[in-house]
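To be precise, the following lines are final19.cif, and they hold mmCIF, C-alpha atoms.
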```cif
data_entry
#
loop_
_atom_site.group_PDB
_atom_site.id
_atom_site.type_symbol
_atom_site.label_atom_id
_atom_site.label_comp_id
_atom_site.auth_asym_id
_atom_site.auth_seq_id
_atom_site.Cartn_x
_atom_site.Cartn_y
_atom_site.Cartn_z
ATOM 1 C CA MET Z 1 -21.971 225.649 28.982
ATOM 2 C CA THR Z 2 -21.115 222.394 30.721
ATOM 3 C CA LEU Z 3 -21.597 218.661 30.753
ATOM 4 C CA ALA Z 4 -25.252 218.510 29.746
ATOM 5 C CA LEU Z 5 -25.741 214.777 30.292
ATOM 6 C CA TYR Z 6 -24.239 212.208 32.658
ATOM 7 C CA ARG Z 7 -25.251 208.828 31.278
ATOM 8 C CA ILE Z 8 -25.004 205.174 32.271
ATOM 9 C CA ASP Z 9 -25.066 203.102 29.074
ATOM 10 C CA ASP Z 10 -23.422 199.712 28.618
ATOM 11 C CA ARG Z 11 -23.012 200.408 24.882
ATOM 12 C CA LEU Z 12 -21.017 203.570 25.717
ATOM 13 C CA ILE Z 13 -20.685 205.571 22.462
ATOM 14 C CA HIS Z 14 -23.434 204.595 20.012
ATOM 15 C CA GLY Z 15 -26.208 206.034 17.874
ATOM 16 C CA GLN Z 16 -28.549 207.154 20.656
ATOM 17 C CA VAL Z 17 -25.719 209.087 22.289
ATOM 18 C CA VAL Z 18 -24.091 210.646 19.238
ATOM 19 C CA VAL Z 19 -27.236 211.346 17.220
ATOM 20 C CA GLY Z 20 -30.219 211.022 19.592
ATOM 21 C CA TRP Z 21 -28.725 213.229 22.303
ATOM 22 C CA GLY Z 22 -25.769 214.750 20.487
ATOM 23 C CA GLN Z 23 -27.789 216.534 17.818
ATOM 24 C CA PRO Z 24 -30.375 218.329 20.009
ATOM 25 C CA LEU Z 25 -27.760 219.223 22.621
ATOM 26 C CA ASP Z 26 -25.305 220.365 19.926
ATOM 27 C CA VAL Z 27 -22.569 218.404 21.643
ATOM 28 C CA SER Z 28 -18.928 219.279 21.034
ATOM 29 C CA PHE Z 29 -17.244 216.718 23.269
ATOM 30 C CA ILE Z 30 -17.890 213.300 24.772
ATOM 31 C CA VAL Z 31 -16.097 212.055 27.885
ATOM 32 C CA LEU Z 32 -15.986 208.265 28.112
ATOM 33 C CA VAL Z 33 -15.106 207.175 31.648
ATOM 34 C CA ASP Z 34 -14.025 203.559 31.752
ATOM 35 C CA ASP Z 35 -10.881 202.104 33.294
ATOM 36 C CA GLU Z 36 -10.576 199.368 30.655
ATOM 37 C CA VAL Z 37 -11.196 201.522 27.582
ATOM 38 C CA SER Z 38 -8.909 204.262 28.886
ATOM 39 C CA SER Z 39 -6.017 201.799 28.833
ATOM 40 C CA SER Z 40 -6.684 200.294 25.378
ATOM 41 C CA ASP Z 41 -5.763 202.127 22.169
ATOM 42 C CA TRP Z 42 -7.676 199.531 20.144
ATOM 43 C CA GLU Z 43 -10.913 200.095 22.087
ATOM 44 C CA GLN Z 44 -10.484 203.862 21.847
ATOM 45 C CA ASP Z 45 -10.076 203.714 18.063
ATOM 46 C CA LEU Z 46 -13.229 201.610 17.881
ATOM 47 C CA TYR Z 47 -15.330 204.081 19.863
ATOM 48 C CA ARG Z 48 -13.893 207.061 17.972
ATOM 49 C CA MET Z 49 -15.170 205.566 14.702
ATOM 50 C CA GLY Z 50 -18.751 206.296 15.723
ATOM 51 C CA VAL Z 51 -18.179 209.986 16.291
ATOM 52 C CA PRO Z 52 -18.115 212.741 13.652
ATOM 53 C CA PRO Z 53 -14.796 214.612 13.453
ATOM 54 C CA HIS Z 54 -16.191 217.858 14.919
ATOM 55 C CA ILE Z 55 -16.914 216.109 18.235
ATOM 56 C CA GLU Z 56 -13.909 215.579 20.514
ATOM 57 C CA VAL Z 57 -13.759 212.275 22.378
ATOM 58 C CA ILE Z 58 -11.940 212.183 25.711
ATOM 59 C CA PHE Z 59 -11.094 208.860 27.371
ATOM 60 C CA ALA Z 60 -10.510 208.776 31.112
ATOM 61 C CA SER Z 61 -10.226 206.367 33.992
ATOM 62 C CA VAL Z 62 -12.422 207.054 37.020
ATOM 63 C CA GLU Z 63 -9.473 208.663 38.809
ATOM 64 C CA GLN Z 64 -8.578 210.834 35.833
ATOM 65 C CA ALA Z 65 -12.228 211.836 35.415
ATOM 66 C CA ALA Z 66 -12.522 212.886 39.049
ATOM 67 C CA GLN Z 67 -9.511 215.162 38.615
ATOM 68 C CA GLN Z 68 -10.753 216.671 35.349
ATOM 69 C CA MET Z 69 -14.434 217.017 36.247
ATOM 70 C CA SER Z 70 -14.315 220.697 37.196
ATOM 71 C CA ALA Z 71 -12.554 221.581 33.940
ATOM 72 C CA TRP Z 72 -15.123 219.709 31.853
ATOM 73 C CA GLU Z 73 -18.006 221.269 33.761
ATOM 74 C CA SER Z 74 -16.665 224.755 33.144
ATOM 75 C CA ASP Z 75 -15.867 224.066 29.477
ATOM 76 C CA ALA Z 76 -17.421 226.674 27.163
ATOM 77 C CA ARG Z 77 -18.695 223.836 24.962
ATOM 78 C CA VAL Z 78 -21.510 221.341 25.582
ATOM 79 C CA GLY Z 79 -20.436 217.821 26.513
ATOM 80 C CA ILE Z 80 -21.771 214.393 27.446
ATOM 81 C CA LEU Z 81 -20.168 212.132 30.054
ATOM 82 C CA LEU Z 82 -20.620 208.366 29.682
ATOM 83 C CA VAL Z 83 -20.013 205.433 31.995
ATOM 84 C CA GLY Z 84 -20.740 201.813 31.133
ATOM 85 C CA ASP Z 85 -22.118 200.494 34.416
ATOM 86 C CA ILE Z 86 -23.600 201.436 37.763
ATOM 87 C CA ASP Z 87 -20.441 200.654 39.748
ATOM 88 C CA THR Z 88 -18.486 203.166 37.657
ATOM 89 C CA ALA Z 89 -21.203 205.776 38.191
ATOM 90 C CA VAL Z 90 -21.086 205.199 41.950
ATOM 91 C CA ALA Z 91 -17.273 205.327 42.003
ATOM 92 C CA LEU Z 92 -17.289 208.566 40.045
ATOM 93 C CA THR Z 93 -19.808 210.308 42.291
ATOM 94 C CA GLU Z 94 -17.778 209.269 45.345
ATOM 95 C CA ARG Z 95 -14.624 210.835 43.914
ATOM 96 C CA ALA Z 96 -16.352 213.775 42.220
ATOM 97 C CA PRO Z 97 -19.227 214.838 44.511
ATOM 98 C CA GLN Z 98 -20.159 217.682 42.176
ATOM 99 C CA VAL Z 99 -21.781 215.105 39.880
ATOM 100 C CA ARG Z 100 -25.407 215.590 40.888
ATOM 101 C CA ARG Z 101 -27.349 213.633 38.298
ATOM 102 C CA PHE Z 102 -27.214 210.456 36.229
ATOM 103 C CA ASN Z 103 -29.345 209.352 33.311
ATOM 104 C CA VAL Z 104 -29.764 205.583 33.019
ATOM 105 C CA GLY Z 105 -29.787 205.235 29.246
ATOM 106 C CA GLY Z 106 -29.197 201.541 28.682
ATOM 107 C CA VAL Z 107 -28.399 198.653 30.997
ATOM 108 C CA HIS Z 108 -29.276 195.466 29.183
ATOM 109 C CA HIS Z 109 -30.113 191.884 30.011
ATOM 110 C CA ARG Z 110 -27.538 189.681 31.672
ATOM 111 C CA THR Z 111 -27.866 186.669 33.954
ATOM 112 C CA GLY Z 112 -29.177 187.783 37.329
ATOM 113 C CA ARG Z 113 -30.790 190.954 36.043
ATOM 114 C CA ARG Z 114 -34.519 191.400 35.544
ATOM 115 C CA GLU Z 115 -36.415 193.840 33.387
ATOM 116 C CA ARG Z 116 -37.283 197.161 35.047
ATOM 117 C CA LEU Z 117 -37.910 199.103 31.843
ATOM 118 C CA ARG Z 118 -37.602 198.128 28.180
ATOM 119 C CA PHE Z 119 -33.990 199.366 28.170
ATOM 120 C CA VAL Z 120 -33.096 198.858 31.846
ATOM 121 C CA TYR Z 121 -32.358 195.460 33.395
ATOM 122 C CA LEU Z 122 -30.926 195.415 36.914
ATOM 123 C CA THR Z 123 -29.918 192.977 39.607
ATOM 124 C CA ASP Z 124 -31.413 193.742 43.018
ATOM 125 C CA ASP Z 125 -27.955 194.925 44.103
ATOM 126 C CA GLU Z 126 -27.703 197.349 41.162
ATOM 127 C CA ALA Z 127 -31.202 198.689 41.885
ATOM 128 C CA ALA Z 128 -30.204 199.254 45.518
ATOM 129 C CA LYS Z 129 -27.053 201.113 44.436
ATOM 130 C CA LEU Z 130 -29.122 203.446 42.269
ATOM 131 C CA ARG Z 131 -31.503 204.127 45.174
ATOM 132 C CA GLN Z 132 -28.508 204.813 47.433
ATOM 133 C CA LEU Z 133 -27.153 207.207 44.833
ATOM 134 C CA ALA Z 134 -30.487 209.039 44.850
ATOM 135 C CA ALA Z 135 -30.549 209.065 48.657
ATOM 136 C CA ARG Z 136 -27.194 210.863 48.546
ATOM 137 C CA GLY Z 137 -28.798 213.632 46.523
ATOM 138 C CA VAL Z 138 -27.952 212.502 42.995
ATOM 139 C CA GLU Z 139 -30.911 212.872 40.629
ATOM 140 C CA VAL Z 140 -31.293 209.462 38.962
ATOM 141 C CA THR Z 141 -33.702 209.009 36.067
ATOM 142 C CA ALA Z 142 -34.045 206.544 33.187
ATOM 143 C CA GLN Z 143 -34.474 207.911 29.671
ATOM 144 C CA ASP Z 144 -33.136 206.349 26.492
ATOM 145 C CA VAL Z 145 -33.745 209.241 24.089
ATOM 146 C CA PRO Z 146 -34.563 212.943 24.660
ATOM 147 C CA THR Z 147 -38.130 212.587 23.391
ATOM 148 C CA ALA Z 148 -38.949 209.937 26.025
ATOM 149 C CA ARG Z 149 -40.104 210.651 29.564
ATOM 150 C CA ALA Z 150 -37.429 210.788 32.255
ATOM 151 C CA VAL Z 151 -38.553 208.010 34.612
ATOM 152 C CA PRO Z 152 -37.693 208.765 38.271
ATOM 153 C CA VAL Z 153 -35.537 206.178 40.071
ATOM 154 C CA GLY Z 154 -38.419 205.220 42.370
ATOM 155 C CA GLU Z 155 -40.449 203.953 39.425
ATOM 156 C CA PHE Z 156 -37.899 201.445 38.112
ATOM 157 C CA THR Z 157 -35.880 200.206 41.085
ATOM 158 C CA MET Q 1 -13.220 177.007 -0.158
ATOM 159 C CA SER Q 2 -16.613 176.981 1.577
ATOM 160 C CA GLU Q 3 -19.051 179.669 0.524
ATOM 161 C CA LEU Q 4 -19.044 182.843 2.560
ATOM 162 C CA ARG Q 5 -21.927 183.655 4.848
ATOM 163 C CA GLY Q 6 -23.112 187.245 5.070
ATOM 164 C CA VAL Q 7 -24.373 188.548 8.395
ATOM 165 C CA ILE Q 8 -26.135 191.912 8.441
ATOM 166 C CA VAL Q 9 -25.855 193.702 11.786
ATOM 167 C CA SER Q 10 -28.207 196.629 12.232
ATOM 168 C CA HIS Q 11 -30.401 198.785 14.376
ATOM 169 C CA ALA Q 12 -34.077 197.788 14.619
ATOM 170 C CA ALA Q 13 -35.302 195.722 11.631
ATOM 171 C CA VAL Q 14 -33.041 197.129 8.904
ATOM 172 C CA ALA Q 15 -31.145 193.828 8.598
ATOM 173 C CA GLN Q 16 -34.323 191.755 8.299
ATOM 174 C CA ALA Q 17 -35.671 194.064 5.607
ATOM 175 C CA LEU Q 18 -32.438 193.870 3.607
ATOM 176 C CA VAL Q 19 -32.446 190.059 3.746
ATOM 177 C CA ALA Q 20 -36.060 190.029 2.525
ATOM 178 C CA ALA Q 21 -35.231 192.454 -0.287
ATOM 179 C CA VAL Q 22 -32.263 190.359 -1.489
ATOM 180 C CA LYS Q 23 -34.427 187.259 -1.541
ATOM 181 C CA ALA Q 24 -37.210 189.074 -3.410
ATOM 182 C CA ILE Q 25 -34.810 190.305 -6.080
ATOM 183 C CA THR Q 26 -32.520 187.290 -6.527
ATOM 184 C CA GLY Q 27 -34.469 184.348 -5.184
ATOM 185 C CA ILE Q 28 -31.359 183.397 -3.195
ATOM 186 C CA ASP Q 29 -32.205 182.309 0.319
ATOM 187 C CA GLY Q 30 -29.870 181.358 3.135
ATOM 188 C CA ALA Q 31 -26.780 183.360 2.127
ATOM 189 C CA LEU Q 32 -27.575 186.201 4.525
ATOM 190 C CA THR Q 33 -28.533 186.215 8.190
ATOM 191 C CA PRO Q 34 -30.006 189.276 9.910
ATOM 192 C CA VAL Q 35 -28.943 190.381 13.389
ATOM 193 C CA SER Q 36 -30.669 193.260 15.192
ATOM 194 C CA ASN Q 37 -29.193 195.061 18.181
ATOM 195 C CA GLU Q 38 -32.723 195.647 19.523
ATOM 196 C CA GLY Q 39 -32.722 195.260 23.307
ATOM 197 C CA CYS Q 40 -29.096 194.095 23.342
ATOM 198 C CA GLY Q 41 -26.210 195.031 25.549
ATOM 199 C CA THR Q 42 -22.692 194.186 24.461
ATOM 200 C CA GLU Q 43 -22.788 190.581 25.660
ATOM 201 C CA ALA Q 44 -26.193 189.757 24.188
ATOM 202 C CA LEU Q 45 -25.257 191.209 20.814
ATOM 203 C CA ALA Q 46 -21.998 189.239 20.804
ATOM 204 C CA GLU Q 47 -24.002 186.075 21.446
ATOM 205 C CA ARG Q 48 -26.435 186.855 18.613
ATOM 206 C CA LEU Q 49 -23.482 187.479 16.308
ATOM 207 C CA SER Q 50 -21.788 184.251 17.269
ATOM 208 C CA GLN Q 51 -24.933 182.243 16.571
ATOM 209 C CA ALA Q 52 -25.504 183.971 13.237
ATOM 210 C CA VAL Q 53 -21.946 183.441 12.002
ATOM 211 C CA GLY Q 54 -21.713 179.826 13.130
ATOM 212 C CA GLN Q 55 -18.674 178.232 11.550
ATOM 213 C CA GLY Q 56 -16.985 180.920 9.416
ATOM 214 C CA PRO Q 57 -15.897 182.269 7.050
ATOM 215 C CA ALA Q 58 -18.185 185.281 6.947
ATOM 216 C CA VAL Q 59 -18.523 188.947 6.125
ATOM 217 C CA LEU Q 60 -20.315 191.136 8.684
ATOM 218 C CA PHE Q 61 -22.253 193.952 7.028
ATOM 219 C CA VAL Q 62 -22.817 196.678 9.629
ATOM 220 C CA ASP Q 63 -25.261 199.553 9.174
ATOM 221 C CA LEU Q 64 -23.250 202.455 10.613
ATOM 222 C CA PRO Q 65 -19.498 203.128 10.821
ATOM 223 C CA GLY Q 66 -19.725 203.391 14.607
ATOM 224 C CA GLY Q 67 -21.894 202.407 17.539
ATOM 225 C CA SER Q 68 -22.866 199.157 19.184
ATOM 226 C CA CYS Q 69 -23.314 197.161 15.961
ATOM 227 C CA LEU Q 70 -19.812 198.048 14.842
ATOM 228 C CA THR Q 71 -18.079 197.665 18.203
ATOM 229 C CA SER Q 72 -19.530 194.184 18.670
ATOM 230 C CA SER Q 73 -18.705 193.181 15.091
ATOM 231 C CA ALA Q 74 -15.151 194.505 15.302
ATOM 232 C CA ARG Q 75 -14.541 192.675 18.582
ATOM 233 C CA TYR Q 76 -15.857 189.468 17.048
ATOM 234 C CA ALA Q 77 -13.662 189.867 13.969
ATOM 235 C CA LYS Q 78 -10.623 190.530 16.154
ATOM 236 C CA GLN Q 79 -11.102 187.108 17.731
ATOM 237 C CA HIS Q 80 -11.752 185.217 14.469
ATOM 238 C CA ALA Q 81 -9.341 185.198 11.536
ATOM 239 C CA ASP Q 82 -11.908 184.347 8.857
ATOM 240 C CA ILE Q 83 -14.238 187.297 9.441
ATOM 241 C CA ALA Q 84 -14.267 190.656 7.644
ATOM 242 C CA VAL Q 85 -16.355 193.712 8.545
ATOM 243 C CA VAL Q 86 -17.903 196.247 6.167
ATOM 244 C CA THR Q 87 -19.835 199.315 7.333
ATOM 245 C CA GLY Q 88 -22.547 201.311 5.563
ATOM 246 C CA VAL Q 89 -24.407 198.254 4.286
ATOM 247 C CA ASN Q 90 -26.745 198.847 1.377
ATOM 248 C CA LEU Q 91 -28.854 196.686 -0.897
ATOM 249 C CA ALA Q 92 -26.531 197.054 -3.879
ATOM 250 C CA MET Q 93 -23.523 195.577 -2.079
ATOM 251 C CA LEU Q 94 -25.601 192.661 -0.805
ATOM 252 C CA LEU Q 95 -26.959 191.883 -4.272
ATOM 253 C CA ASP Q 96 -23.384 191.689 -5.534
ATOM 254 C CA PHE Q 97 -22.208 189.693 -2.521
ATOM 255 C CA VAL Q 98 -24.708 186.840 -2.795
ATOM 256 C CA PHE Q 99 -23.391 186.038 -6.286
ATOM 257 C CA HIS Q 100 -19.698 186.194 -5.264
ATOM 258 C CA ARG Q 101 -19.233 184.113 -2.143
ATOM 259 C CA ASP Q 102 -16.384 181.870 -3.232
ATOM 260 C CA ILE Q 103 -13.624 184.357 -2.384
ATOM 261 C CA PRO Q 104 -11.793 185.139 0.888
ATOM 262 C CA PRO Q 105 -13.659 187.376 3.382
ATOM 263 C CA ALA Q 106 -11.265 190.317 3.033
ATOM 264 C CA GLU Q 107 -11.631 190.290 -0.744
ATOM 265 C CA ALA Q 108 -15.400 190.048 -0.470
ATOM 266 C CA ALA Q 109 -15.367 193.017 1.905
ATOM 267 C CA ARG Q 110 -13.387 195.143 -0.552
ATOM 268 C CA ARG Q 111 -15.719 194.080 -3.353
ATOM 269 C CA ALA Q 112 -18.740 195.061 -1.227
ATOM 270 C CA VAL Q 113 -17.338 198.524 -0.569
ATOM 271 C CA ASP Q 114 -16.832 198.975 -4.308
ATOM 272 C CA ALA Q 115 -20.291 197.704 -5.283
ATOM 273 C CA GLY Q 116 -22.040 199.592 -2.502
ATOM 274 C CA GLY Q 117 -20.179 202.822 -3.169
ATOM 275 C CA LYS Q 118 -20.981 202.770 -6.884
ATOM 276 C CA ALA Q 119 -24.684 202.654 -6.038
ATOM 277 C CA ILE Q 120 -24.580 205.966 -4.195
ATOM 278 C CA ARG Q 121 -25.026 208.787 -6.649
ATOM 279 C CA VAL Q 122 -27.084 211.838 -7.471
ATOM 280 C CA THR Q 123 -29.372 211.079 -10.375
ATOM 281 C CA ALA Q 124 -30.114 213.477 -13.189
ATOM 282 C CA ALA Q 125 -33.184 215.618 -12.518
#
```
Could you spell out this file's structure in structure tokens?
Amino acid sequence: MTLALYRIDDRLIHGQVVVGWGQPLDVSFIVLVDDEVSSSDWEQDLYRMGVPPHIEVIFASVEQAAQQMSAWESDARVGILLVGDIDTAVALTERAPQVRRFNVGGVHHRTGRRERLRFVYLTDDEAAKLRQLAARGVEVTAQDVPTARAVPVGEFT
Amino acid sequence: MSELRGVIVSHAAVAQALVAAVKAITGIDGALTPVSNEGCGTEALAERLSQAVGQGPAVLFVDLPGGSCLTSSARYAKQHADIAVVTGVNLAMLLDFVFHRDIPPAEAARRAVDAGGKAIRVTAA
């Protein structure tokens, strides 16, 4: 098996990830890629609280993730990789070109962003970065839960 | 000591429904404030929490022991000394809470865990 889902979600580990995706995919590990969280024991404890004990949680910086990506992708178990924002997704794909797809699962309202989908708000710059990611061959879709339609990047950017 | 405020932090409309149920059963209004994470990122949920808590002290009753409701509540509590967080909110703990709001937040949180836990049981067939 492999990493079954590469997801951009500003809530990182939460119900939609652990239950909504985790149950149908039968996930055994979650990789949380975030430079800030990877350097904070307190934040890591907080995110671990939302995960049942049979699911391993791995915290990594972008650099660490790029080095470990091949190992995670060849893991016999099923995993999910999470990043919290579009810049981190872009940085990861630059350092780990084998990442070929990203699911936009939740980018919420903030000053300067406008609504693209019910669960996706983007600045024009963020929308352009997602289109650039797609132009480089990364499959970018928006889908909050598995039962929803995967919306192609062209429809929401 | 000022009376504690209870803030219920939940997915969808769970918090609203719990507030309505407490009012229907006890007639007490204004002790609990609902906060939904619907459509919220981390910053928006933190803002909703801040508005709901107002001037503390308060107990935050969170629906699940993990996820965005908890992470936002825990971060808020870390920055405010007079806030306690309880997870696994249920109606029984709220019914007890609204009648015992003249104690410190940490004590109220422990009391809520006790009252809520006692309500979870398998009934005789």
Answer key for the PyMOL selection byres ((chain Z and resi 144) around 12), residues as a PDB file with C-alpha atoms, keeping the file's coordinate frame:
```
ATOM      1  CA  LEU Z   5     -25.741 214.777  30.292  1.00  0.00           C
ATOM      2  CA  ARG Z   7     -25.251 208.828  31.278  1.00  0.00           C
ATOM      3  CA  ILE Z   8     -25.004 205.174  32.271  1.00  0.00           C
ATOM      4  CA  ASP Z   9     -25.066 203.102  29.074  1.00  0.00           C
ATOM      5  CA  ASP Z  10     -23.422 199.712  28.618  1.00  0.00           C
ATOM      6  CA  ARG Z  11     -23.012 200.408  24.882  1.00  0.00           C
ATOM      7  CA  HIS Z  14     -23.434 204.595  20.012  1.00  0.00           C
ATOM      8  CA  GLY Z  15     -26.208 206.034  17.874  1.00  0.00           C
ATOM      9  CA  GLN Z  16     -28.549 207.154  20.656  1.00  0.00           C
ATOM     10  CA  VAL Z  17     -25.719 209.087  22.289  1.00  0.00           C
ATOM     11  CA  GLY Z  20     -30.219 211.022  19.592  1.00  0.00           C
ATOM     12  CA  TRP Z  21     -28.725 213.229  22.303  1.00  0.00           C
ATOM     13  CA  ASN Z 103     -29.345 209.352  33.311  1.00  0.00           C
ATOM     14  CA  VAL Z 104     -29.764 205.583  33.019  1.00  0.00           C
ATOM     15  CA  GLY Z 105     -29.787 205.235  29.246  1.00  0.00           C
ATOM     16  CA  GLY Z 106     -29.197 201.541  28.682  1.00  0.00           C
ATOM     17  CA  VAL Z 107     -28.399 198.653  30.997  1.00  0.00           C
ATOM     18  CA  HIS Z 108     -29.276 195.466  29.183  1.00  0.00           C
ATOM     19  CA  LEU Z 117     -37.910 199.103  31.843  1.00  0.00           C
ATOM     20  CA  ARG Z 118     -37.602 198.128  28.180  1.00  0.00           C
ATOM     21  CA  PHE Z 119     -33.990 199.366  28.170  1.00  0.00           C
ATOM     22  CA  VAL Z 120     -33.096 198.858  31.846  1.00  0.00           C
ATOM     23  CA  THR Z 141     -33.702 209.009  36.067  1.00  0.00           C
ATOM     24  CA  ALA Z 142     -34.045 206.544  33.187  1.00  0.00           C
ATOM     25  CA  GLN Z 143     -34.474 207.911  29.671  1.00  0.00           C
ATOM     26  CA  VAL Z 145     -33.745 209.241  24.089  1.00  0.00           C
ATOM     27  CA  PRO Z 146     -34.563 212.943  24.660  1.00  0.00           C
ATOM     28  CA  THR Z 147     -38.130 212.587  23.391  1.00  0.00           C
ATOM     29  CA  ALA Z 148     -38.949 209.937  26.025  1.00  0.00           C
ATOM     30  CA  ARG Z 149     -40.104 210.651  29.564  1.00  0.00           C
ATOM     31  CA  ALA Z 150     -37.429 210.788  32.255  1.00  0.00           C
ATOM     32  CA  VAL Z 151     -38.553 208.010  34.612  1.00  0.00           C
TER      33      VAL Z 151
ATOM     34  CA  GLY Q  39     -32.722 195.260  23.307  1.00  0.00           C
TER      35      GLY Q  39
END
```
Non-local contacts of Leu49 in chain Q (9 Å; all atoms listed in the file; under 3 positions in same chain excluded) as number ranges by chain: Q: 7, 9, 35, 44-46, 52-54, 72-73, 76
Residue members of the PyMOL selection byres ((chain Z and resi 121-129) around 9) in the file shown, as an MDAnalysis selection string: chainID Z and resid 86:87 90 106:120 130:134 153 156:157
Selection: 12 Å around Thr71 in chain Q, all atoms listed in the file, excl. self and same-chain fewer than 3 positions, as JSON, numbers by chain: {"Z": [10, 11, 12, 13, 14, 15, 42, 43, 44, 45, 46, 47, 48, 49, 50], "Q": [9, 10, 37, 41, 42, 43, 45, 46, 49, 60, 62, 63, 64, 65, 66, 67, 68, 74, 75, 76, 77, 78, 85, 87]}
Expected residue set, 12 Å radius at (-19.6, 199.6, -1.8), all atoms listed in the file, as JSON, numbers by chain: {"Q": [61, 86, 87, 88, 89, 90, 91, 92, 93, 94, 95, 96, 97, 108, 109, 110, 111, 112, 113, 114, 115, 116, 117, 118, 119, 120, 121]}
Given the selection you just returned, output its residues as a file containing C-alpha atoms, formatted as a compact mmCIF listing (two decimals), in the frame of the given file.
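The resulting file, part-v6.txt, is reproduced below:
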```txt
# COMPACT_ATOMS: atom_id res chain seq x y z
CA PHE Q 61 -22.25 193.95 7.03
CA VAL Q 86 -17.90 196.25 6.17
CA THR Q 87 -19.84 199.32 7.33
CA GLY Q 88 -22.55 201.31 5.56
CA VAL Q 89 -24.41 198.25 4.29
CA ASN Q 90 -26.74 198.85 1.38
CA LEU Q 91 -28.85 196.69 -0.90
CA ALA Q 92 -26.53 197.05 -3.88
CA MET Q 93 -23.52 195.58 -2.08
CA LEU Q 94 -25.60 192.66 -0.80
CA LEU Q 95 -26.96 191.88 -4.27
CA ASP Q 96 -23.38 191.69 -5.53
CA PHE Q 97 -22.21 189.69 -2.52
CA ALA Q 108 -15.40 190.05 -0.47
CA ALA Q 109 -15.37 193.02 1.90
CA ARG Q 110 -13.39 195.14 -0.55
CA ARG Q 111 -15.72 194.08 -3.35
CA ALA Q 112 -18.74 195.06 -1.23
CA VAL Q 113 -17.34 198.52 -0.57
CA ASP Q 114 -16.83 198.98 -4.31
CA ALA Q 115 -20.29 197.70 -5.28
CA GLY Q 116 -22.04 199.59 -2.50
CA GLY Q 117 -20.18 202.82 -3.17
CA LYS Q 118 -20.98 202.77 -6.88
CA ALA Q 119 -24.68 202.65 -6.04
CA ILE Q 120 -24.58 205.97 -4.20
CA ARG Q 121 -25.03 208.79 -6.65
```
Matched chain/residue IDs from the PyMOL selection byres ((chain Q and resi 19-26) around 10), as a short mmCIF file (atom, residue, chain, number, x, y, z; two decimals) with C-alpha atoms, keeping the file's coordinate frame:
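After the write, result_7.cif holds the following:
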```
data_model
loop_
_atom_site.label_atom_id
_atom_site.label_comp_id
_atom_site.auth_asym_id
_atom_site.auth_seq_id
_atom_site.Cartn_x
_atom_site.Cartn_y
_atom_site.Cartn_z
CA GLY Q 6 -23.11 187.24 5.07
CA VAL Q 7 -24.37 188.55 8.40
CA ILE Q 8 -26.14 191.91 8.44
CA VAL Q 14 -33.04 197.13 8.90
CA ALA Q 15 -31.14 193.83 8.60
CA GLN Q 16 -34.32 191.76 8.30
CA ALA Q 17 -35.67 194.06 5.61
CA LEU Q 18 -32.44 193.87 3.61
CA GLY Q 27 -34.47 184.35 -5.18
CA ILE Q 28 -31.36 183.40 -3.20
CA ASP Q 29 -32.20 182.31 0.32
CA GLY Q 30 -29.87 181.36 3.14
CA ALA Q 31 -26.78 183.36 2.13
CA LEU Q 32 -27.58 186.20 4.53
CA THR Q 33 -28.53 186.22 8.19
CA PRO Q 34 -30.01 189.28 9.91
CA LEU Q 91 -28.85 196.69 -0.90
CA ALA Q 92 -26.53 197.05 -3.88
CA LEU Q 94 -25.60 192.66 -0.80
CA LEU Q 95 -26.96 191.88 -4.27
CA ASP Q 96 -23.38 191.69 -5.53
CA VAL Q 98 -24.71 186.84 -2.80
CA PHE Q 99 -23.39 186.04 -6.29
#
```
Selection near range 69-77 of chain Z, 12 Å with all atoms listed in the file, sequence-local residues under 3 positions removed, as number ranges by chain: Z: 1-6, 25-31, 33, 54-56, 58, 60-66, 80-81, 92-93, 95-100
d(CA of Ala106 in chain Q, CA of Ser50 in chain Q) in Å: 18.7 Å
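Counting only C-alpha atoms and comparing Z:Gln23, Z:Gly84, Z:Phe59, Z:Ala91, the residue that lies closest to Ser40 in chain Z is Z:Phe59.
Here the question is which of Q:Cys69, Q:Val59, Q:Leu4, Q:Ala12 gets nearest to chain Z using only C-alpha atoms, and that residue is Q:Cys69.
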Straight-line distance linking CA of Glu139 in chain Z with CA of Val19 in chain Z, stated in Å to one decimal: 23.7 Å
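Proximity to chain Z was assessed for Q:Pro105, Q:Val122, Q:Glu47, Q:Ile83 counting all atoms listed in the file; the smallest distance is recorded for Q:Glu47.
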Write range 102-107 of chain Q as a short mmCIF file (atom, residue, chain, number, x, y, z; two decimals), in the coordinates of the input, completed to N, CA and C atoms.
```cif
data_model
loop_
_atom_site.label_atom_id
_atom_site.label_comp_id
_atom_site.auth_asym_id
_atom_site.auth_seq_id
_atom_site.Cartn_x
_atom_site.Cartn_y
_atom_site.Cartn_z
N ASP Q 102 -17.43 182.89 -3.20
CA ASP Q 102 -16.38 181.87 -3.23
C ASP Q 102 -14.99 182.50 -3.17
N ILE Q 103 -14.90 183.65 -2.51
CA ILE Q 103 -13.62 184.36 -2.38
C ILE Q 103 -13.35 184.59 -0.90
N PRO Q 104 -12.11 184.92 -0.53
CA PRO Q 104 -11.79 185.14 0.89
C PRO Q 104 -12.58 186.33 1.46
N PRO Q 105 -12.85 186.32 2.77
CA PRO Q 105 -13.66 187.38 3.38
C PRO Q 105 -13.12 188.79 3.13
N ALA Q 106 -11.82 188.97 3.22
CA ALA Q 106 -11.26 190.32 3.03
C ALA Q 106 -11.51 190.81 1.61
N GLU Q 107 -11.39 189.91 0.65
CA GLU Q 107 -11.63 190.29 -0.74
C GLU Q 107 -13.12 190.60 -0.96
#
```
